[in-house]
Amino acid sequence: MVAQYTVFGRQVGSHVLAMLTLGTTAAGSTWALAGKEKAKEQGPPINAQSNEEEQFIQEFIKNAQAEEQKAKH
């Protein structure tokens, strides 16, 4: 025999309340610990003297990252 509690006008067993409590706690902690989506990493700002220089630096970084990806695989 389980203890019965009145919740919102209905009889609810103590085992049901225990399961709801554990489920809510697990779901809440999972959601809280999931963290935020990581933003795309950005390096320091490019202080180029001209637009061409900035484009060259961006292309150089892009090529370096592509080579890094090839080296990992």
# chains A, B, ... in the order shown; residues from 1 in each chain; ligands from 1
>>> select_by_dssp(residues="chain A", states="strand (DSSP E or B)", output="ChimeraX atom specification")
/A:4-7,10-13
>>> residues_around(residues="range 41-45 of chain A", least_positions_apart="5", cutoff="12 Å", atoms="only C-alpha atoms", output="MDAnalysis selection string")
chainID A and resid 54 57:58 61
>>> select_by_dssp(residues="chain A", states="helix (DSSP H, G or I)", output="ChimeraX atom specification")
/A:14-33,51-72
>>> atom_distance(atom1="CA of Gly28 in chain A", atom2="CA of Val7 in chain A")
21.8 Å
>>> atom_distance(atom1="CA of Ala3 in chain A", atom2="CA of Val16 in chain A")
10.4 Å
>>> closest_residue(among="A:Val2, A:Glu53, A:Ala64, A:Lys72", to="Ala18 in chain A", atoms="only C-alpha atoms")
A:Val2
>>> atom_distance(atom1="CA of Ser14 in chain A", atom2="CA of Trp31 in chain A")
25.7 Å
